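Worksheet: the structure to be examined is printed underneath.
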Amino acid sequence: MELAKKYNPREVEDKWYKKWIANRYFNSKPNPAKRPFTIVIPPPNVTGVLHMGHMLNNTIQDILIRRARMQGFEACWVPGTDHASIATEARVVNMLKEKGIEKNSLTRQEFLKYAWEWKEKHGGIILEQLKKLGASCDWERTKFTMDDDYSESVIRVFVDLYNKGKIYRGVRMVNWDPQAKTAVSDEEVNYREVKSKLYFVKYKIVGEEGDIVVATTRPETILGDTAVCVNPADERYTRFHGKKVIVPLVNREVPVIADNYVDMTFGTGCLKITPAHDINDYEIGNRFNLEIIDIFNDDGTISEKGQVFVGQDRFKARSLAAKQLEEDGLLVKIEEYVNKVGYSERTDAVIEPKLSMQWFLSMKEISAPALENVVNDNIQLVPAKFKNTYKHWMENVKDWCISRQLWWGHRIPAYYLPNTNEFVVAETDAEALELARKKTGNAQLTLADLRQDEDVLDTWCSSWLWPIAVFDGIRYPDNEDINYYYPTNVLVTAPEILFFWVARMIISGYEYRNDKPFSDVYLTGIVRDAKRRKMSKSLGNSPDPLDLIRDYGADGVRTGMLFSSPAGNDLLFDVKLCEQGRNFSNKIWNALRLVKGWNTTNDQHTIRESDEVAIEWMEARINQVLLEIDDHFGKFRISDALLSVYKLIWDDFCSWFLEAIKPDFEQPIALITRNRVVDIFEKLMKIAHPFMPFISEEVYQQLKDRADSDSIVIAAWPKPENFNKEIIEKAQKAFEVVANVRNIRQQKQISPKESVRLFAKLENLETYFPASKMIWRLANISELDIVTEKIENAMSFHIGADEWFVPVNMTIDRDTEIDIVQKEIDYLVGFLQSVLKKLDNEKFVNNAPANVLEMERKKGHDAEKRIVGLGRKIGRITIDEIVSMARATDPIGIFDSGIGGLTVARAVKRVLPEEQLIYFGDTAHLPYGDKSTAAIQAYSIKICDIFLQRNCKVILIACNSASAAATDLVTEYVSKRARVFNVIDPVVNYLREKYRESTIGLIGTKQTVGSCVYDNKTAALGNNLVLKSLATPLLVPMIEEGFLQGDISQEIINEYLKKPSLKDIEALILGCTHYPLIKEQVRNYYGGAVEIIDSSEIVAASLKAFLEYNLLVNTKRVADDLFMVSDYTESFESLTKLFFGEQVQLEKNTLWE
RNA sequence: GGGCUCUUAGCUCAGCUGGUUCAGAGCACCUGCCUUACAAGCAGGGGGUCGUAGGUUCGAAUCCUACAGGGCCCACCA
């Protein structure tokens, strides 16, 4: 049968889900032969509908449970729903309101009847939606927190805790929601900043003139004031202590009290105390034994006790109070003020702090093991960052208000005795009656005499038993299920309910099973939109999950959700992710089409060597990635696990393996080969199945003829086997070759259909073989040969130290090629330098571990080889030069004993304008001529360190003395890190090229002439040159004094040049860095008959030639020149203009300090 | 205000006990291709001073300190 060109998830998904249910793959019962793997679903609200958070949450659970099932665990995922008392009751009330029925007009029984009807109608929709997602829950175990057995468990626990003395009844300040007329927990109150007003109100002093001004945001609560409080340290009010004031509006006399709670700096420093309506006031009230006047009704209107504004809503009462105060002349002023106001999470009504009789569960003792077992990692929170928050919360846990003034829920099993507040607590009416008779001593008491508490329990009071109660472990603590499945393995839920629910489950687990409820808690992030806004109905930014499933397939949505959702991190949802998921499904589908489309043959000759290699490689890769995936799962990195699967299938299997193995057009494939491909495909589908249950099943079924009872759902998860690491490494290299060939094709516009020849100049054939077999097909190669020399007219590339060539017809643009190669060389040289620097560092060599050292050496070695190879490619560079060279943009270092060397710098600048120069004048040791050879060498080496630190590519010794004394040593010291030039050798080389059998003159300082360095070097040339030298000591001071122009200086110069020792010369070497400045005068003397050899120019020219030859010329200046001296004077600086042609700023270097 | 946590490519994130997993992945982007499984595709490519400033170290994205800017939790000012 022809397969559709595109994968159609809709047909496939329903088909397989039905089969899975029919075959009862998801059902579980205790099986002693297997280890259990249990997950209990976080029960969604029974009347809720699936939202994106559920999708993420349940996808993760399904992935975990499916994988466990395949791994051979007895996998059990228990689904169910929560009665969600507040939310559901609110919804039913709304529904009734729409019908024109007020809740107040109904009896409890009537209301509950409506509520149950509503539940039956809307309940469980969400579970049906989960099936569309592919959730593999054991649906026969579906639980509802108000099922009879479950309710019985809840009540039993209440009675038990009561009997243990953990539950008590007390007056407490609660967060009252006047709209829902119920107390809500602290956690269900949202504080928001609101603009409000601060009213300043006068309270008259009793028995004397004057008043105290109090600031309040809630003037209506004045009706309940029973004191005014100041800080005892506040001297402004000391005189009022113990006096009485008159509460406005109600004219009640109340005391002025002093308490540290009051902030002297806020408002007037004077606080009105309303114990019934503010938690802090309540506490102060307790301390001072103040009267408590509750001025509100349950619905937020003013009660009789308020005396005025009775029956008015609290906000109306506020404006009325303000108005009245103003009329009474007691309102001083009103200020704008921003404060935080609590809102009910459920109804969004402003929370009213209110004293109320509530039921409480004492948390301190009962929660101790829950803290301990998370801290000691007996229960792991994933990600672990929540551990700290959890710890903080549990250490400061407050008693839990467990009563709610609602009807929908578990009614508190407390029965009040007639005409008293005394009560009994029992699981059933009958038991209650018996207890009541006992307590009263009245055997005649009937049930009708008892009045059961009207309130129900907080929703969390049932859901905190979830992992136990779904297995009926409260009522039957020793039943088979609970013994087998408890503790469960993983809980997957949202961090928002870490304390509401997770912590409390842990508490109940230790209380009722003496064991943890689960081993790991995986906390998912919040699903947000691309703008980081939380997805919510009210914002309308949440897509309907079922629409997504329809459009992208369940597999597509599942993978889409997981592509970017590390544990605990928010998921920024984007339909593009689902698109990516859908595309992945399609990719798999098309791979199936390819494999199914092959014609097979039994002819063994069709088996290619490359097929064997490809299969071996693919199998190795699967094993390798399988290890990765298992590791990811172990750390709950589900997203990473998915990405590994994605890349394994898309990149490795489709892009490389199938391309390598697919037969040529219309050619058959050997049956043996095909079968092995099918096995590999099947294995991949098993790995993908937890993430993509539907398409993996479809492909699994299509690949082979399967028995009806066979399904990928119950197939075994592949175990990672030992694998051939070598083939993976070799294939990696082979694929690199392929990619490079493809790149060349792209550059040279060679069609993939046109085959090319490929040549390799290799160090070792073994590094590719046998993976190299795959290159032929993947790169469409007609000929592959090993060569020993580079191929002409070919594009080339490197893999490690190997070079590969693809001959191309077109002429290659030499310049661009050189450009490209040069860039690569630049990079490598920089890299090599950094390596050499490390290896030169004694401390590194001594301290670094052997393997790191070894690695560095190898890195350096490889880089050198690469550089040599690349240099040869340009064909102009000798190996030593390449290795020693630095990058073109690196600076040139020049040093001299003083600033005379600036003439050399100037000459260099002229011919190499873009180079960055770093000049060092060792003015602290001026002049070098006086110093011993050893001293000059020592100075030179230290100066070279400065240059090396700054990555100088060339170090130029612009000093004749240092050139003579230190060139050899410096060259050796600098080694490959930079090229060393001096001012003598280039001149000598110049003579060699130009003069033969000639007489050459030299003028220089006494030291230079006395050292005979020029004599020795010219003699060594063998050109039969005669060198006539003359020391000209007057010239340096003369130049430094600025005597350059004019007759006197010309006279002095003439006097020297007239000397017989310079007679009959053909050329004259200016052997001192100062002398270029008097070149004109010297030339004047000879009138052109003698060549004046300016060593600075010669050196500059030779440097330029070197840089050009080695492609090291800096063509784009990247940094400014830098001039350093070791001793600074202003006269040095002023002399720079003379030598360098422009004034430069000298920077003092503290090298010698 | 207290506690926790984060800052790495245009976006979302990996990067473990300092050193070849050291600067990475996916997406996005750019270029060229309708090549007989797949245009929901193929091939190739360019992106980052690892928030800033110090310190420790032979060596820091990684450890320490301070600062800046996000996020979460707790408490809450009349």
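By order of appearance in the structure tokens: chains A, B, ..., then residues from 1 within every chain, and ligands from 1 in the order shown.
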Please report as a Markdown table every residue of chain A lying within 6 Å of chain B, along with the nearest atom pair and their distance in Å (one decimal), using only C-alpha atoms (C1' of nucleotides).
```
| residue | atom | partner | partner_atom | distance |
| --- | --- | --- | --- | --- |
| A:Thr216 | CA | B:A78 | C1' | 5.6 |
| A:Asn583 | CA | B:A40 | C1' | 4.8 |
| A:Asn590 | CA | B:A37 | C1' | 4.9 |
| A:Ala591 | CA | B:A37 | C1' | 5.6 |
| A:Arg593 | CA | B:A37 | C1' | 5.5 |
| A:Leu594 | CA | B:A37 | C1' | 4.2 |
| A:Asn743 | CA | B:G44 | C1' | 5.8 |
| A:Lys843 | CA | B:C58 | C1' | 4.6 |
| A:Phe844 | CA | B:C58 | C1' | 4.0 |
```
For the residues in that selection, give me all heavy atoms as an mmCIF file, in the first residue's frame.
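Resulting contents of result-v3.cif:
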```cif
data_model
loop_
_atom_site.group_PDB
_atom_site.id
_atom_site.type_symbol
_atom_site.label_atom_id
_atom_site.label_comp_id
_atom_site.auth_asym_id
_atom_site.auth_seq_id
_atom_site.Cartn_x
_atom_site.Cartn_y
_atom_site.Cartn_z
ATOM 1 N N THR A 216 -4.941 56.767 59.049
ATOM 2 C CA THR A 216 -5.502 55.446 58.710
ATOM 3 C C THR A 216 -5.909 55.411 57.250
ATOM 4 O O THR A 216 -6.290 56.421 56.664
ATOM 5 C CB THR A 216 -6.710 55.102 59.595
ATOM 6 O OG1 THR A 216 -7.226 53.836 59.193
ATOM 7 C CG2 THR A 216 -7.826 56.149 59.457
ATOM 8 N N ASN A 583 6.956 18.537 12.410
ATOM 9 C CA ASN A 583 7.937 18.274 11.363
ATOM 10 C C ASN A 583 8.773 17.042 11.676
ATOM 11 O O ASN A 583 9.158 16.290 10.780
ATOM 12 C CB ASN A 583 8.848 19.483 11.180
ATOM 13 C CG ASN A 583 8.098 20.698 10.687
ATOM 14 O OD1 ASN A 583 6.904 20.605 10.376
ATOM 15 N ND2 ASN A 583 8.773 21.823 10.618
ATOM 16 N N ASN A 590 8.649 9.971 6.727
ATOM 17 C CA ASN A 590 9.278 9.870 5.421
ATOM 18 C C ASN A 590 10.428 8.883 5.405
ATOM 19 O O ASN A 590 10.712 8.272 4.374
ATOM 20 C CB ASN A 590 9.723 11.249 4.948
ATOM 21 C CG ASN A 590 8.572 11.967 4.267
ATOM 22 O OD1 ASN A 590 8.143 11.558 3.196
ATOM 23 N ND2 ASN A 590 8.056 12.984 4.915
ATOM 24 N N ALA A 591 11.074 8.750 6.525
ATOM 25 C CA ALA A 591 12.097 7.712 6.619
ATOM 26 C C ALA A 591 11.436 6.348 6.432
ATOM 27 O O ALA A 591 11.964 5.463 5.747
ATOM 28 C CB ALA A 591 12.804 7.791 7.963
ATOM 29 N N ARG A 593 8.729 5.811 4.732
ATOM 30 C CA ARG A 593 8.379 5.681 3.310
ATOM 31 C C ARG A 593 9.580 5.222 2.503
ATOM 32 O O ARG A 593 9.470 4.396 1.597
ATOM 33 C CB ARG A 593 7.887 7.030 2.773
ATOM 34 C CG ARG A 593 6.515 7.407 3.262
ATOM 35 C CD ARG A 593 6.085 8.725 2.655
ATOM 36 N NE ARG A 593 6.013 8.652 1.212
ATOM 37 C CZ ARG A 593 6.340 9.637 0.385
ATOM 38 N NH1 ARG A 593 6.778 10.777 0.874
ATOM 39 N NH2 ARG A 593 6.243 9.497 -0.919
ATOM 40 N N LEU A 594 10.722 5.776 2.823
ATOM 41 C CA LEU A 594 11.932 5.398 2.096
ATOM 42 C C LEU A 594 12.215 3.905 2.269
ATOM 43 O O LEU A 594 12.370 3.170 1.298
ATOM 44 C CB LEU A 594 13.123 6.211 2.602
ATOM 45 C CG LEU A 594 14.484 5.826 2.013
ATOM 46 C CD1 LEU A 594 14.533 6.188 0.528
ATOM 47 C CD2 LEU A 594 15.619 6.513 2.750
ATOM 48 N N ASN A 743 31.052 21.670 0.894
ATOM 49 C CA ASN A 743 31.327 23.097 0.961
ATOM 50 C C ASN A 743 32.013 23.579 -0.321
ATOM 51 O O ASN A 743 31.654 24.606 -0.891
ATOM 52 C CB ASN A 743 32.211 23.370 2.179
ATOM 53 C CG ASN A 743 32.285 24.850 2.494
ATOM 54 O OD1 ASN A 743 31.682 25.665 1.798
ATOM 55 N ND2 ASN A 743 33.024 25.195 3.524
ATOM 56 N N LYS A 843 55.833 27.638 36.244
ATOM 57 C CA LYS A 843 54.838 27.276 37.248
ATOM 58 C C LYS A 843 53.768 26.369 36.660
ATOM 59 O O LYS A 843 53.297 25.447 37.303
ATOM 60 C CB LYS A 843 54.189 28.534 37.810
ATOM 61 C CG LYS A 843 55.093 29.272 38.770
ATOM 62 C CD LYS A 843 54.424 30.527 39.263
ATOM 63 C CE LYS A 843 55.321 31.252 40.252
ATOM 64 N NZ LYS A 843 54.806 32.588 40.560
ATOM 65 N N PHE A 844 53.420 26.680 35.422
ATOM 66 C CA PHE A 844 52.433 25.829 34.761
ATOM 67 C C PHE A 844 52.986 24.423 34.584
ATOM 68 O O PHE A 844 52.338 23.439 34.920
ATOM 69 C CB PHE A 844 52.037 26.423 33.411
ATOM 70 C CG PHE A 844 51.154 25.516 32.584
ATOM 71 C CD1 PHE A 844 49.815 25.372 32.902
ATOM 72 C CD2 PHE A 844 51.672 24.802 31.520
ATOM 73 C CE1 PHE A 844 49.005 24.539 32.159
ATOM 74 C CE2 PHE A 844 50.867 23.958 30.777
ATOM 75 C CZ PHE A 844 49.530 23.828 31.094
#
```
Please return as number ranges by chain: the residues of stretch 91-203 of chain A that backbone DSSP assigns to strand (DSSP E). A: 143-144, 167-177, 182-184, 189-203
Could you write out that same residue set with C-alpha atoms as a short mmCIF file (atom, residue, chain, number, x, y, z; two decimals), in the first residue's frame?
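File produced: again.cif:
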```
data_model
loop_
_atom_site.label_atom_id
_atom_site.label_comp_id
_atom_site.auth_asym_id
_atom_site.auth_seq_id
_atom_site.Cartn_x
_atom_site.Cartn_y
_atom_site.Cartn_z
CA LYS A 143 -10.32 8.32 41.70
CA PHE A 144 -12.30 11.33 42.78
CA ILE A 167 -6.85 19.35 65.73
CA TYR A 168 -8.24 22.19 67.73
CA ARG A 169 -10.84 24.85 67.43
CA GLY A 170 -9.99 28.43 68.06
CA VAL A 171 -10.60 32.04 67.41
CA ARG A 172 -8.16 33.23 64.89
CA MET A 173 -7.65 36.11 62.60
CA VAL A 174 -8.39 34.74 59.21
CA ASN A 175 -8.38 36.09 55.71
CA TRP A 176 -12.05 36.52 55.10
CA ASP A 177 -13.39 36.55 51.58
CA THR A 182 -15.32 31.92 53.60
CA ALA A 183 -11.91 32.03 55.16
CA VAL A 184 -9.08 31.54 52.76
CA VAL A 189 -4.29 35.83 49.23
CA ASN A 190 -2.62 37.94 46.59
CA TYR A 191 -1.21 41.27 47.65
CA ARG A 192 -1.32 44.02 45.11
CA GLU A 193 -0.16 47.58 45.25
CA VAL A 194 -3.09 49.92 45.13
CA LYS A 195 -3.42 53.69 45.14
CA SER A 196 -5.40 54.64 48.19
CA LYS A 197 -5.82 57.47 50.60
CA LEU A 198 -4.38 58.09 54.00
CA TYR A 199 -6.86 59.86 56.27
CA PHE A 200 -5.60 61.93 59.19
CA VAL A 201 -8.23 61.91 61.93
CA LYS A 202 -8.43 63.80 65.25
CA TYR A 203 -9.20 61.86 68.43
#
```
Straight-line distance linking atom CA of A:Lys354 with atom CA of A:Ile279, stated in Å to one decimal: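 Result for atom CA of A:Lys354 versus atom CA of A:Ile279: 8.4 Å, one decimal.
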Counting only C-alpha atoms (C1' of nucleotides), what is within 10 Å of stretch 418-423 of chain A, bar same-chain residues fewer than 3 positions away, as an MDAnalysis selection string? chainID A and resid 413:415 426 432 435:436 439:440 445 448:453
Once you have the residues from the selection above, write them out as a short mmCIF file (atom, residue, chain, number, x, y, z; two decimals), in the first residue's frame, restricted to N, CA and C atoms.
```
data_model
loop_
_atom_site.label_atom_id
_atom_site.label_comp_id
_atom_site.auth_asym_id
_atom_site.auth_seq_id
_atom_site.Cartn_x
_atom_site.Cartn_y
_atom_site.Cartn_z
N PRO A 413 -16.72 16.42 60.73
CA PRO A 413 -17.52 15.46 61.52
C PRO A 413 -17.51 15.80 63.00
N ALA A 414 -17.90 17.05 63.29
CA ALA A 414 -18.01 17.47 64.68
C ALA A 414 -19.48 17.73 64.96
N TYR A 415 -19.95 17.25 66.08
CA TYR A 415 -21.38 17.35 66.40
C TYR A 415 -21.53 18.08 67.71
N ALA A 426 -16.73 12.27 65.50
CA ALA A 426 -16.84 10.84 65.20
C ALA A 426 -17.02 10.64 63.71
N ALA A 432 -21.17 9.20 66.75
CA ALA A 432 -21.27 10.52 67.36
C ALA A 432 -22.33 10.51 68.46
N LEU A 435 -21.06 8.78 71.52
CA LEU A 435 -20.13 9.63 72.25
C LEU A 435 -20.85 10.75 72.98
N ALA A 436 -21.85 11.30 72.30
CA ALA A 436 -22.59 12.43 72.87
C ALA A 436 -23.35 11.97 74.12
N LYS A 439 -20.93 11.60 76.84
CA LYS A 439 -20.40 12.88 77.32
C LYS A 439 -21.43 13.63 78.18
N THR A 440 -22.67 13.56 77.74
CA THR A 440 -23.70 14.28 78.49
C THR A 440 -24.26 13.44 79.63
N LEU A 445 -30.56 11.04 74.50
CA LEU A 445 -30.19 11.93 73.39
C LEU A 445 -30.41 11.25 72.05
N ALA A 448 -31.20 13.91 66.35
CA ALA A 448 -31.81 15.21 66.05
C ALA A 448 -31.38 16.28 67.05
N ASP A 449 -30.94 15.84 68.21
CA ASP A 449 -30.50 16.82 69.21
C ASP A 449 -29.10 17.36 68.88
N LEU A 450 -28.39 16.60 68.06
CA LEU A 450 -27.02 17.02 67.74
C LEU A 450 -27.04 17.88 66.48
N ARG A 451 -26.09 18.79 66.44
CA ARG A 451 -26.00 19.68 65.28
C ARG A 451 -24.58 19.54 64.71
N GLN A 452 -24.51 19.02 63.47
CA GLN A 452 -23.18 18.84 62.89
C GLN A 452 -22.63 20.18 62.42
N ASP A 453 -21.34 20.35 62.57
CA ASP A 453 -20.66 21.58 62.13
C ASP A 453 -21.03 21.84 60.68
#
```
Excluding A:Ala68 and residues on its chain fewer than 6 positions from it, collect all residues at most 12 Å away from it, counting only C-alpha atoms (C1' of nucleotides), and give them as a list in words. Phe26, Lys34, Arg35, Pro36, Phe37, Thr38, Ile39, Gln61, Asp62, Glu74, Ala75, Cys76, Trp77, Ser136, Asn489, Val490, Asp630, Phe633, Gly634, Ile687, His689, Pro690, Val713, Ile714, Ala715, Ala716, Trp717 and Pro718 of chain A
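Taking atom CA of A:Lys858 as the reference point, atom CA of A:Ser834 is found at 13.3 Å.
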Could you pull out the helix (DSSP H, G or I) residues of stretch 244-427 of chain A, going by DSSP on the backbone, and write them as number ranges by chain? A: 279-288, 304-306, 314-327, 368-375, 386-395
Show me, as a count of residues only, the residues that have an atom within 12 Å of A:Gly929 when counting only C-alpha atoms (C1' of nucleotides), minus same-chain residues fewer than 2 positions from it. 28
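Rounded to one decimal, atom CA of A:Leu758 and atom CA of A:Lys647 lie 28.9 Å from each other.
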Excluding stretch 534-544 of chain A and its own-chain neighbours fewer than 2 positions away, which residues fall within 12 Å of it when counting only C-alpha atoms (C1' of nucleotides)? Please give them as a VMD selection string. chain A and resid 49 to 55 129 525 to 532 546 to 551 557 570 to 575 578
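With only C-alpha atoms (C1' of nucleotides) taken into account, the protein and nucleic acid residues at most 12 Å from B:G54 (excluding it and anything under 5 positions from it in its own chain) are C64, U65, A66 and C67 of chain B.
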